[in-house]
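First comes the structure, then the notes that go with it.
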Amino acid sequence: MSIEKLLEKNIDESKQGEVLQLSENKKANRKMYIESYGCQMNFSDSEIVASILTNEGFSTTKDITEADLVFVNTCSIREKAELTVRKRLEFYNSIKRDKNPGMLVGVLGCMAERLKEKFLEEEKLVDIVVGPDSYRDLPNLIAQVEDGKKAVNVFLSLEETYADISPVRLGGNGVTAFVSITRGCDNMCTFCVVPYTRGRERSRNPESILKECQDLYNDGYREITLLGQNVDSYLWYGGGAKKDFKKATDSKKENSLTFANLLDKVAQVNPKLRIRFSTSNPQDMGIDVIETMAKHNNICDHIHLPVQSGSSRILELMNRGYDREKYLKLVDEIKLRIPDCAISMDMIIGFCSETEEDHKETLSLMDYVGYDFGYMYKYSVRPNTPASRMEDNVPADIKQRRLAEIIEKQQANALQHMEAKVGETYEVLIEGFSKKSDQHFYGRTTHNSAVIFEKENHKLGDYVMVKIEECTSATLKGKVL
Ligand code: SAH
Ligand code: F3S
């Protein structure tokens with residue numbers, strides 16, 4: 001396969017730019033259009049925004065020309081993500097000029113937080129700028145712009161988790177849902193903008209998490225993914241930022257709840273509710289989490305364990321908090337307790353000062369782990385991060401060549417995993433239809449492998465046993481037994 005093809009296949013962009021639409025809100029007198037980019041947390045946040053504004057008399061529309069209010073939920077993780085948003089703003093500008101002069105435009109999420117008031121100066125079209133912790137203030141901010149002013153709220157909170165707001169879920173498949181459990185990140189990886197755009201780490205009240213999971217199960221959902229920048233670092237001690245845990249009273253400390261404790265409780269909501277979680281940080285993932293996974297059949301055998309590099313020297317420059325040996329030891333611990341566990345990664349290629357030797361270490365680490373899936377990115381400098389003060393000195397063509405080599409290796413590893421599944425039988429949760437044919441269902445195995453099979457007398461949300469007959473590096477095909 002050509003390098004261009006490999007690069008194209010690298011990132012799953014199927015959700016980027018998705019527009020949220022809810023069922024009709026009879027009391028609504030205004031229409032909003034919400035488009036989302038970036039990580040799953042952004043898509044989840046858009047559902048919170050929709051929930052807040054539905055109570056304010058808004059309904060959603062997929063037709064931007066009839067919207068009173070247009071929101072774009074933005075991502076800052078790489079330069080390309082920000083360029084995509086700038087392009088969308090140009091498009092909104094043309095709509096406002098030619099078709100919908102009355103529409104107001106709001107920017108939500110990480111790019112709003114990063115650029116703050118500067119957004120209003122740079123993009124005359126924008127009326128509202130709101131960071132990830134200020135969505136409760138949207139009704140006030142909207143009232144301000146309706147009065148003809150511009151409005152900004154980029155306050156980052158030590159407490160906000162939106163625990164009491166049930167996100168609206170009508171955009172999804174009715175089978176799988178995301179439940180956020182932590183917000184923000186304290187890890188300070190040197191390349192990463194998230195600690196600056198999403199603030200300090202805080203955990204959500206476990207009761208509200210368990211209630212949301214139970215409600216989802218009762219509504220027919222069969223899989224939930226617990227969501228956070230760094231889920232293993234979850235720590236509930238009655239509320240507040242993780243960094244303030246030291247100041248908590250002894251009784252609060254004694255009654256605190258870790259991620260493994262939470263996972264154990266969520267797994268007991270119902271044995272027919274599958275549990276996944278993302279993202280695990282190798283420096284925070286404890287053996288207790290792996291043991292909890294091994295204990296419950298309904299916790300899926302898949303861990304997304306971003307590595308970023310196979311070179312200890314680069315990992316140190318990235319401030320990842322682990323080296324190659326520690327990472328590989330963790331992988332061994334996982335395989336020891338869950339032999340068949342699927343492992344996936346994120347990788348950054350061409351970080352500051354990365355040599356050919358470092359790159360070879362990355363390739364050999366991939367040989368050792370044999371990842372089932374991977375998301376691989378060329379390093380992109382983010383303004384004001386610690387790495388922005390280092391030299392981004394790997395030439396573009398070398399970054400490109402190394403990325404292609406890494407993707408090629410990953411494709412080969414993925415194919416090997418898939419081929420080993422041919423002839424085996426797996427339990428598959430039916431999530432939807434094949435993109436290519438509505439006569440075929442789409443679902444996933446516990447290992448997160450996509451499976452396509454011919455439709456029989458089943459419905460979305462059913463578990464079926466599927467015998468795998470053939471595969472590509474991305475998809476299994478089989479027959480229901
Ligand atoms: N803990 C987070 C990580 C968010 S960023 C999570 O929940 O997934 C997702 C991935 O983007 C990171 O793991 C990293 O591989 C990549 N990334 C982050 N900053 C980057 C940068 N400056 N350049 C290239 N890739 C980056
Ligand atoms: Fe970013 Fe590292 Fe946190 S990648 S989100 S700072 S764990």
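Just so we're on the same page: first chain in the structure tokens is A, next is B, and so on; residues restart at 1 for each chain, and ligands are numbered from 1 in the order they show up.
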
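Taking only C-alpha atoms and all ligand atoms into account, ligand 2 has within 7 Å the residues Cys185, Asp186, Asn187, Met188, Cys189, Cys192, Val193, Val194, Pro195, Gln229, Asn230, Asn281 and Arg320 of chain A.
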
Quiz prompt | Given 10 Å and only C-alpha atoms and all ligand atoms, residues near ligand 1 as a PyMOL selection string | solution = chain A and resi 38-41+75-80+183-185+187+189-195+227-231+277-281+304-309+345-351+374-383+385+387-388

Selected residues written out, C-alpha atoms, as a tab-separated table (two decimals), in the first residue's frame:
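Result file follows (selection_10.tsv):
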chain	number	residue	atom	x	y	z
A	38	GLY	CA	-11.68	16.60	18.45
A	39	CYS	CA	-11.77	14.04	21.23
A	40	GLN	CA	-14.68	12.07	22.62
A	41	MET	CA	-14.85	14.43	25.59
A	75	CYS	CA	-9.98	21.07	19.49
A	76	SER	CA	-6.45	22.44	19.95
A	77	ILE	CA	-4.50	19.20	20.23
A	78	ARG	CA	-2.65	19.61	16.93
A	79	GLU	CA	-2.25	22.51	14.57
A	80	LYS	CA	-4.33	20.72	11.94
A	183	ARG	CA	-12.21	16.45	33.72
A	184	GLY	CA	-8.90	18.19	33.14
A	185	CYS	CA	-5.41	16.75	33.47
A	187	ASN	CA	0.06	15.31	34.01
A	189	CYS	CA	3.24	16.08	29.25
A	190	THR	CA	5.48	18.68	27.64
A	191	PHE	CA	3.91	18.45	24.14
A	192	CYS	CA	0.30	18.66	25.31
A	193	VAL	CA	-2.06	21.64	25.40
A	194	VAL	CA	-4.81	19.88	27.39
A	195	PRO	CA	-3.70	20.92	30.92
A	227	LEU	CA	-14.20	8.87	29.81
A	228	GLY	CA	-11.40	11.08	31.08
A	229	GLN	CA	-8.04	12.44	29.97
A	230	ASN	CA	-6.47	10.11	32.48
A	231	VAL	CA	-9.07	7.74	33.94
A	277	PHE	CA	-12.64	3.10	29.60
A	278	SER	CA	-10.35	5.64	28.01
A	279	THR	CA	-7.68	6.93	28.36
A	280	SER	CA	-5.24	5.05	30.58
A	281	ASN	CA	-1.96	6.70	31.36
A	304	HIS	CA	-5.86	1.98	25.30
A	305	LEU	CA	-2.38	2.65	26.66
A	306	PRO	CA	-0.76	5.59	24.84
A	307	VAL	CA	3.02	5.17	24.74
A	308	GLN	CA	4.08	8.20	22.61
A	309	SER	CA	7.62	6.87	22.05
A	345	MET	CA	-1.60	3.07	21.66
A	346	ASP	CA	-1.09	6.68	20.66
A	347	MET	CA	2.31	7.50	19.25
A	348	ILE	CA	4.00	10.80	18.50
A	349	ILE	CA	6.55	10.71	15.71
A	350	GLY	CA	9.38	13.21	15.32
A	351	PHE	CA	9.30	14.85	18.75
A	374	GLY	CA	-2.85	2.55	17.10
A	375	TYR	CA	-3.26	6.27	16.52
A	376	MET	CA	-0.06	7.76	15.18
A	377	TYR	CA	0.67	11.46	14.83
A	378	LYS	CA	3.48	13.67	13.63
A	379	TYR	CA	4.59	15.99	16.41
A	380	SER	CA	3.05	19.44	16.09
A	381	VAL	CA	4.21	22.31	18.34
A	382	ARG	CA	1.48	23.79	20.55
A	383	PRO	CA	1.97	27.40	21.62
A	385	THR	CA	3.54	24.30	26.11
A	387	ALA	CA	7.93	21.65	24.43
A	388	SER	CA	7.36	24.88	22.51

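By chain and then residue number, the residues within 9 Å of range 359-368 of chain A are Gln308, Ser309, Gly310, Ser311, Ser312, Arg324, Leu328, Met347, Ile349, Gly350, Glu354, Thr355, Arg402, Glu405, Ile406, Lys409, Gln410 and Asn413 of chain A, counting only C-alpha atoms and disregarding those fewer than 4 positions away in sequence.
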
Generate a file of the selected residues that holds C-alpha atoms, formatted as a PDB file, in the first residue's frame.
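That gives us again_5.pdb:
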ATOM      1  CA  GLN A 308       4.078   8.201  22.612  1.00  0.00           C
ATOM      2  CA  SER A 309       7.625   6.865  22.051  1.00  0.00           C
ATOM      3  CA  GLY A 310       9.723   3.740  22.555  1.00  0.00           C
ATOM      4  CA  SER A 311      12.793   5.708  23.607  1.00  0.00           C
ATOM      5  CA  SER A 312      13.349   6.411  27.307  1.00  0.00           C
ATOM      6  CA  ARG A 324      10.538   2.097  28.190  1.00  0.00           C
ATOM      7  CA  LEU A 328       6.954  -2.862  29.019  1.00  0.00           C
ATOM      8  CA  MET A 347       2.314   7.496  19.249  1.00  0.00           C
ATOM      9  CA  ILE A 349       6.546  10.711  15.712  1.00  0.00           C
ATOM     10  CA  GLY A 350       9.381  13.206  15.323  1.00  0.00           C
ATOM     11  CA  GLU A 354      14.263  12.404  17.997  1.00  0.00           C
ATOM     12  CA  THR A 355      17.155  10.521  16.335  1.00  0.00           C
ATOM     13  CA  ARG A 402       9.248   7.716  10.133  1.00  0.00           C
ATOM     14  CA  GLU A 405       7.310   3.227   8.757  1.00  0.00           C
ATOM     15  CA  ILE A 406       5.434   3.200  12.030  1.00  0.00           C
ATOM     16  CA  LYS A 409       4.422  -1.784  11.117  1.00  0.00           C
ATOM     17  CA  GLN A 410       1.140  -1.114  12.903  1.00  0.00           C
ATOM     18  CA  ASN A 413       0.630  -6.053  13.585  1.00  0.00           C
TER      19      ASN A 413
END

Practice problem: If you run DSSP over the backbone, which residues in range 21-147 of chain A end up helix (DSSP H, G or I)? Put them as a count of residues only. | Solution: 61

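In this model, the gap between CA of His417 in chain A and CA of Asp264 in chain A comes to 28.5 Å.
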
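By only C-alpha atoms, and with residues fewer than 6 positions from range 165-182 of chain A along its chain excluded, the set lying at most 6 Å from it is Leu20, Gln21, Leu22, Glu47, Ile48, Ser51, Arg202, Ser203, Arg204, Tyr221, Arg222, Glu223, Ile224, Thr225, Leu226, Leu227, Gly228, Glu431 and Gly461 of chain A.
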
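For the pair CA of Ala414 in chain A and CA of His302 in chain A, the separation is 13.8 Å.
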
Quiz prompt | Close residues, Asn29 in chain A itself excluded, 8 Å, only C-alpha atoms, min 4 positions apart in chain, as a PyMOL selection string | solution = chain A and resi 57-59

The selected residues should be written to file as a CSV table (one decimal), in the first residue's frame (atoms: all heavy atoms).
chain,number,residue,atom,x,y,z
A,57,GLY,N,-35.2,26.8,26.1
A,57,GLY,CA,-36.0,27.0,24.9
A,57,GLY,C,-35.4,26.9,23.6
A,57,GLY,O,-35.8,27.5,22.6
A,58,PHE,N,-34.3,26.1,23.5
A,58,PHE,CA,-33.7,25.9,22.2
A,58,PHE,C,-34.0,24.5,21.7
A,58,PHE,O,-34.1,23.6,22.5
A,58,PHE,CB,-32.2,26.0,22.3
A,58,PHE,CG,-31.6,27.4,22.2
A,58,PHE,CD1,-31.4,28.1,23.4
A,58,PHE,CD2,-31.4,28.0,21.0
A,58,PHE,CE1,-31.0,29.4,23.3
A,58,PHE,CE2,-30.9,29.3,20.9
A,58,PHE,CZ,-30.7,30.0,22.1
A,59,SER,N,-34.2,24.4,20.4
A,59,SER,CA,-34.2,23.0,19.8
A,59,SER,C,-32.9,22.9,18.9
A,59,SER,O,-32.3,24.0,18.5
A,59,SER,CB,-35.4,22.8,19.0
A,59,SER,OG,-35.5,23.7,17.9

Self-check item: strand (DSSP E) positions in range 158-222 of chain A, given as a VMD selection string
Solution: chain A and resid 176 to 180 182 to 183 202 to 203

For Leu89 in chain A, list every protein, DNA or RNA residue within 10 Å, evaluated using only C-alpha atoms, and leave out those in the same chain fewer than 2 positions away; present the list as a compact mmCIF listing (two decimals) with N, CA, C and O atoms, in the first residue's frame.
# COMPACT_ATOMS: atom_id res chain seq x y z
N VAL A 72 -19.56 25.91 17.49
CA VAL A 72 -18.57 24.92 17.06
C VAL A 72 -17.72 24.58 18.28
O VAL A 72 -17.19 25.45 18.95
N LEU A 83 -6.72 24.44 12.34
CA LEU A 83 -6.92 24.92 10.97
C LEU A 83 -8.30 24.51 10.45
O LEU A 83 -8.97 25.27 9.75
N THR A 84 -8.72 23.30 10.83
CA THR A 84 -10.05 22.84 10.42
C THR A 84 -11.12 23.79 10.95
O THR A 84 -12.06 24.15 10.23
N VAL A 85 -10.97 24.22 12.20
CA VAL A 85 -11.97 25.11 12.79
C VAL A 85 -11.96 26.47 12.08
O VAL A 85 -13.02 27.04 11.78
N ARG A 86 -10.77 26.97 11.77
CA ARG A 86 -10.69 28.27 11.05
C ARG A 86 -11.43 28.19 9.72
O ARG A 86 -12.11 29.12 9.30
N LYS A 87 -11.29 27.02 9.05
CA LYS A 87 -11.99 26.82 7.76
C LYS A 87 -13.50 26.83 7.97
O LYS A 87 -14.24 27.38 7.17
N PHE A 91 -16.62 29.21 6.46
CA PHE A 91 -17.89 28.72 5.91
C PHE A 91 -19.09 29.39 6.61
O PHE A 91 -20.02 29.86 5.95
N TYR A 92 -19.03 29.47 7.94
CA TYR A 92 -20.14 30.12 8.66
C TYR A 92 -20.29 31.57 8.21
O TYR A 92 -21.39 32.10 8.09
N ASN A 93 -19.16 32.22 7.97
CA ASN A 93 -19.16 33.60 7.52
C ASN A 93 -19.94 33.74 6.21
O ASN A 93 -20.75 34.66 6.05
N SER A 94 -19.71 32.78 5.30
CA SER A 94 -20.40 32.87 4.01
C SER A 94 -21.89 32.63 4.20
O SER A 94 -22.71 33.27 3.54
N ILE A 95 -22.25 31.73 5.11
CA ILE A 95 -23.67 31.48 5.37
C ILE A 95 -24.32 32.74 5.96
O ILE A 95 -25.41 33.16 5.56
N VAL A 105 -22.75 33.40 16.39
CA VAL A 105 -21.77 32.32 16.33
C VAL A 105 -20.99 32.23 17.63
O VAL A 105 -20.45 33.23 18.12
N VAL A 107 -17.96 30.00 19.87
CA VAL A 107 -16.88 29.01 19.83
C VAL A 107 -16.76 28.39 21.22
O VAL A 107 -16.63 29.10 22.21
N GLU A 123 -11.38 36.87 14.73
CA GLU A 123 -12.50 36.42 13.90
C GLU A 123 -13.69 37.32 14.22
O GLU A 123 -14.41 37.09 15.19
N LEU A 125 -16.50 37.51 13.07
CA LEU A 125 -17.78 36.80 13.03
C LEU A 125 -18.21 36.28 14.41
O LEU A 125 -19.40 36.16 14.70
N VAL A 126 -17.21 35.97 15.25
CA VAL A 126 -17.52 35.26 16.50
C VAL A 126 -18.14 36.21 17.54
O VAL A 126 -17.65 37.31 17.77

Practice problem: Mind giving me the straight-line distance from CA of Thr61 in chain A to CA of Gly106 in chain A in Å, one decimal? | Solution: 15.3 Å
